[in-house]
Amino acid sequence: MIGRLRTLPRLSFAALLKPRWVKTTASSLTKRIKTLPRPQALLGLGLSTAIAVAVFMPRATPPASAQQLTAALWTRASFPVENFQTYTSPFGYRSDPYSGSSRFHYGLDLAAPNGSYIRNWWAGEVLWVEGDGACGTSIAIKSGEWTHIYCHMQGHVEGSGQGKTMVDRDGGIQLRAGQSLPAGARIGRVGMTGRTTGPHLHWGLKYQDNWVDPALVLQAMYVGQQAAL
């Protein structure tokens, strides 16, 4: 099993970005949740975690126990950073570390020592690589209807257009758009490129092009991995 979780951030389904999208998505997923088995283990997850689990649930999943469902889903996922230390900034509104004003933070920050390896959360294909802007050296990976984004990595981007390649020679990493990656693959190293005040991974998640709180996904991962023990 890849990247077992050690601690969890505080969860808040209310912190999801777009209220209109939250309302319609929650309604849709709640209907799907009602079709799942209702043993005590699943009821104890709460609505936020149940929604996160249901998003990943194959539509034709046959009846099974909660443990079987979660184990089947989450043993394939990887915690996204090695040598994890702590969560430094949650998803949602926060005081901007540069300006002090309230701004929305579209991801979860995971602190780790400079140079710690970053792992691919879920099997997929590299969507893009970038080397400029607030995100610094960064990549996005597409996994079905999910897009996961990794920012502030070491290295740089070479080439242009479709020929862009993210290169971290000291870390032995070289990635380009269209490249397929398994879950748990090392895809970069924690750095301080872009707009950052310390070494960390900024990890963003989108489902159907809508931002999602990564804490919900980590909670579901933790529950699933515990069930698989």
# chains A, B, ... in the order shown; residues from 1 in each chain; ligands from 1

call {"tool": "residues_around", "arguments": {"residues": "Lys206 of chain A", "least_positions_apart": "6", "cutoff": "8 Å", "atoms": "only C-alpha atoms", "output": "list in words"}}
result
Trp146, Thr147, His148 and Val212 of chain A

call {"tool": "residues_around", "arguments": {"residues": "segment 166-175 of chain A", "least_positions_apart": "3", "cutoff": "10 Å", "atoms": "only C-alpha atoms", "output": "ChimeraX atom specification"}}
result
/A:115-117,126,128-131,137-139,153-159,178-181,186-189

call {"tool": "atom_distance", "arguments": {"atom1": "atom CA of Thr197 of chain A", "atom2": "atom CA of Arg103 of chain A"}}
result
16.0 Å

call {"tool": "atom_distance", "arguments": {"atom1": "atom CA of Gly191 of chain A", "atom2": "atom CA of Ala140 of chain A"}}
result
16.4 Å

call {"tool": "atom_distance", "arguments": {"atom1": "atom CA of Thr88 of chain A", "atom2": "atom CA of Gly133 of chain A"}}
result
20.8 Å

call {"tool": "select_by_dssp", "arguments": {"residues": "segment 97-221 of chain A", "states": "helix (DSSP H, G or I)", "output": "list in words"}}
result
Gly161, Gln162, Gly163, Pro214, Ala215, Leu216, Val217, Leu218, Gln219, Ala220 and Met221 of chain A

call {"tool": "write_last_selection", "arguments": {"atoms": "all heavy atoms", "output": "PDB file, in the first residue's frame"}}
result
ATOM      1  N   GLY A 161       5.575  25.264 -26.030  1.00  0.00           N
ATOM      2  CA  GLY A 161       4.430  24.622 -26.668  1.00  0.00           C
ATOM      3  C   GLY A 161       4.268  23.181 -26.231  1.00  0.00           C
ATOM      4  O   GLY A 161       4.394  22.840 -25.057  1.00  0.00           O
ATOM      5  N   GLN A 162       4.018  22.301 -27.189  1.00  0.00           N
ATOM      6  CA  GLN A 162       3.833  20.881 -26.905  1.00  0.00           C
ATOM      7  C   GLN A 162       5.135  20.198 -26.516  1.00  0.00           C
ATOM      8  O   GLN A 162       5.132  19.065 -26.027  1.00  0.00           O
ATOM      9  CB  GLN A 162       3.234  20.178 -28.136  1.00  0.00           C
ATOM     10  CG  GLN A 162       1.845  20.672 -28.505  1.00  0.00           C
ATOM     11  CD  GLN A 162       0.834  20.429 -27.404  1.00  0.00           C
ATOM     12  OE1 GLN A 162       0.795  19.355 -26.816  1.00  0.00           O
ATOM     13  NE2 GLN A 162       0.008  21.433 -27.114  1.00  0.00           N
ATOM     14  N   GLY A 163       6.259  20.880 -26.710  1.00  0.00           N
ATOM     15  CA  GLY A 163       7.552  20.289 -26.391  1.00  0.00           C
ATOM     16  C   GLY A 163       8.049  20.601 -24.992  1.00  0.00           C
ATOM     17  O   GLY A 163       9.192  20.276 -24.644  1.00  0.00           O
ATOM     18  N   PRO A 214      -8.922  19.090  -0.898  1.00  0.00           N
ATOM     19  CA  PRO A 214      -8.160  17.836  -0.821  1.00  0.00           C
ATOM     20  C   PRO A 214      -8.295  17.124   0.515  1.00  0.00           C
ATOM     21  O   PRO A 214      -8.082  15.911   0.593  1.00  0.00           O
ATOM     22  CB  PRO A 214      -6.714  18.299  -1.052  1.00  0.00           C
ATOM     23  CG  PRO A 214      -6.828  19.570  -1.823  1.00  0.00           C
ATOM     24  CD  PRO A 214      -8.049  20.234  -1.248  1.00  0.00           C
ATOM     25  N   ALA A 215      -8.651  17.861   1.576  1.00  0.00           N
ATOM     26  CA  ALA A 215      -8.815  17.223   2.883  1.00  0.00           C
ATOM     27  C   ALA A 215      -9.907  16.164   2.854  1.00  0.00           C
ATOM     28  O   ALA A 215      -9.815  15.143   3.533  1.00  0.00           O
ATOM     29  CB  ALA A 215      -9.132  18.274   3.947  1.00  0.00           C
ATOM     30  N   LEU A 216     -10.958  16.378   2.067  1.00  0.00           N
ATOM     31  CA  LEU A 216     -12.025  15.393   1.949  1.00  0.00           C
ATOM     32  C   LEU A 216     -11.490  14.096   1.360  1.00  0.00           C
ATOM     33  O   LEU A 216     -11.845  12.997   1.793  1.00  0.00           O
ATOM     34  CB  LEU A 216     -13.150  15.936   1.070  1.00  0.00           C
ATOM     35  CG  LEU A 216     -13.882  17.185   1.559  1.00  0.00           C
ATOM     36  CD1 LEU A 216     -14.903  17.634   0.524  1.00  0.00           C
ATOM     37  CD2 LEU A 216     -14.549  16.932   2.895  1.00  0.00           C
ATOM     38  N   VAL A 217     -10.637  14.230   0.368  1.00  0.00           N
ATOM     39  CA  VAL A 217     -10.071  13.050  -0.293  1.00  0.00           C
ATOM     40  C   VAL A 217      -9.109  12.325   0.636  1.00  0.00           C
ATOM     41  O   VAL A 217      -9.103  11.089   0.712  1.00  0.00           O
ATOM     42  CB  VAL A 217      -9.382  13.473  -1.605  1.00  0.00           C
ATOM     43  CG1 VAL A 217      -8.620  12.314  -2.216  1.00  0.00           C
ATOM     44  CG2 VAL A 217     -10.413  13.990  -2.599  1.00  0.00           C
ATOM     45  N   LEU A 218      -8.285  13.064   1.370  1.00  0.00           N
ATOM     46  CA  LEU A 218      -7.363  12.425   2.298  1.00  0.00           C
ATOM     47  C   LEU A 218      -8.111  11.683   3.400  1.00  0.00           C
ATOM     48  O   LEU A 218      -7.688  10.614   3.845  1.00  0.00           O
ATOM     49  CB  LEU A 218      -6.426  13.471   2.906  1.00  0.00           C
ATOM     50  CG  LEU A 218      -5.416  14.104   1.936  1.00  0.00           C
ATOM     51  CD1 LEU A 218      -4.528  15.089   2.682  1.00  0.00           C
ATOM     52  CD2 LEU A 218      -4.565  13.055   1.244  1.00  0.00           C
ATOM     53  N   GLN A 219      -9.227  12.254   3.840  1.00  0.00           N
ATOM     54  CA  GLN A 219     -10.043  11.574   4.854  1.00  0.00           C
ATOM     55  C   GLN A 219     -10.564  10.246   4.313  1.00  0.00           C
ATOM     56  O   GLN A 219     -10.498   9.216   4.991  1.00  0.00           O
ATOM     57  CB  GLN A 219     -11.223  12.462   5.265  1.00  0.00           C
ATOM     58  CG  GLN A 219     -12.212  11.803   6.215  1.00  0.00           C
ATOM     59  CD  GLN A 219     -11.771  11.883   7.666  1.00  0.00           C
ATOM     60  OE1 GLN A 219     -10.817  12.592   7.962  1.00  0.00           O
ATOM     61  NE2 GLN A 219     -12.443  11.179   8.530  1.00  0.00           N
ATOM     62  N   ALA A 220     -11.069  10.257   3.091  1.00  0.00           N
ATOM     63  CA  ALA A 220     -11.587   9.032   2.494  1.00  0.00           C
ATOM     64  C   ALA A 220     -10.468   8.018   2.270  1.00  0.00           C
ATOM     65  O   ALA A 220     -10.655   6.817   2.454  1.00  0.00           O
ATOM     66  CB  ALA A 220     -12.292   9.347   1.179  1.00  0.00           C
ATOM     67  N   MET A 221      -9.293   8.502   1.870  1.00  0.00           N
ATOM     68  CA  MET A 221      -8.139   7.612   1.710  1.00  0.00           C
ATOM     69  C   MET A 221      -7.792   6.928   3.019  1.00  0.00           C
ATOM     70  O   MET A 221      -7.546   5.722   3.069  1.00  0.00           O
ATOM     71  CB  MET A 221      -6.934   8.408   1.205  1.00  0.00           C
ATOM     72  CG  MET A 221      -6.985   8.766  -0.260  1.00  0.00           C
ATOM     73  SD  MET A 221      -5.617   9.869  -0.743  1.00  0.00           S
ATOM     74  CE  MET A 221      -4.182   8.863  -0.344  1.00  0.00           C
TER      75      MET A 221
END
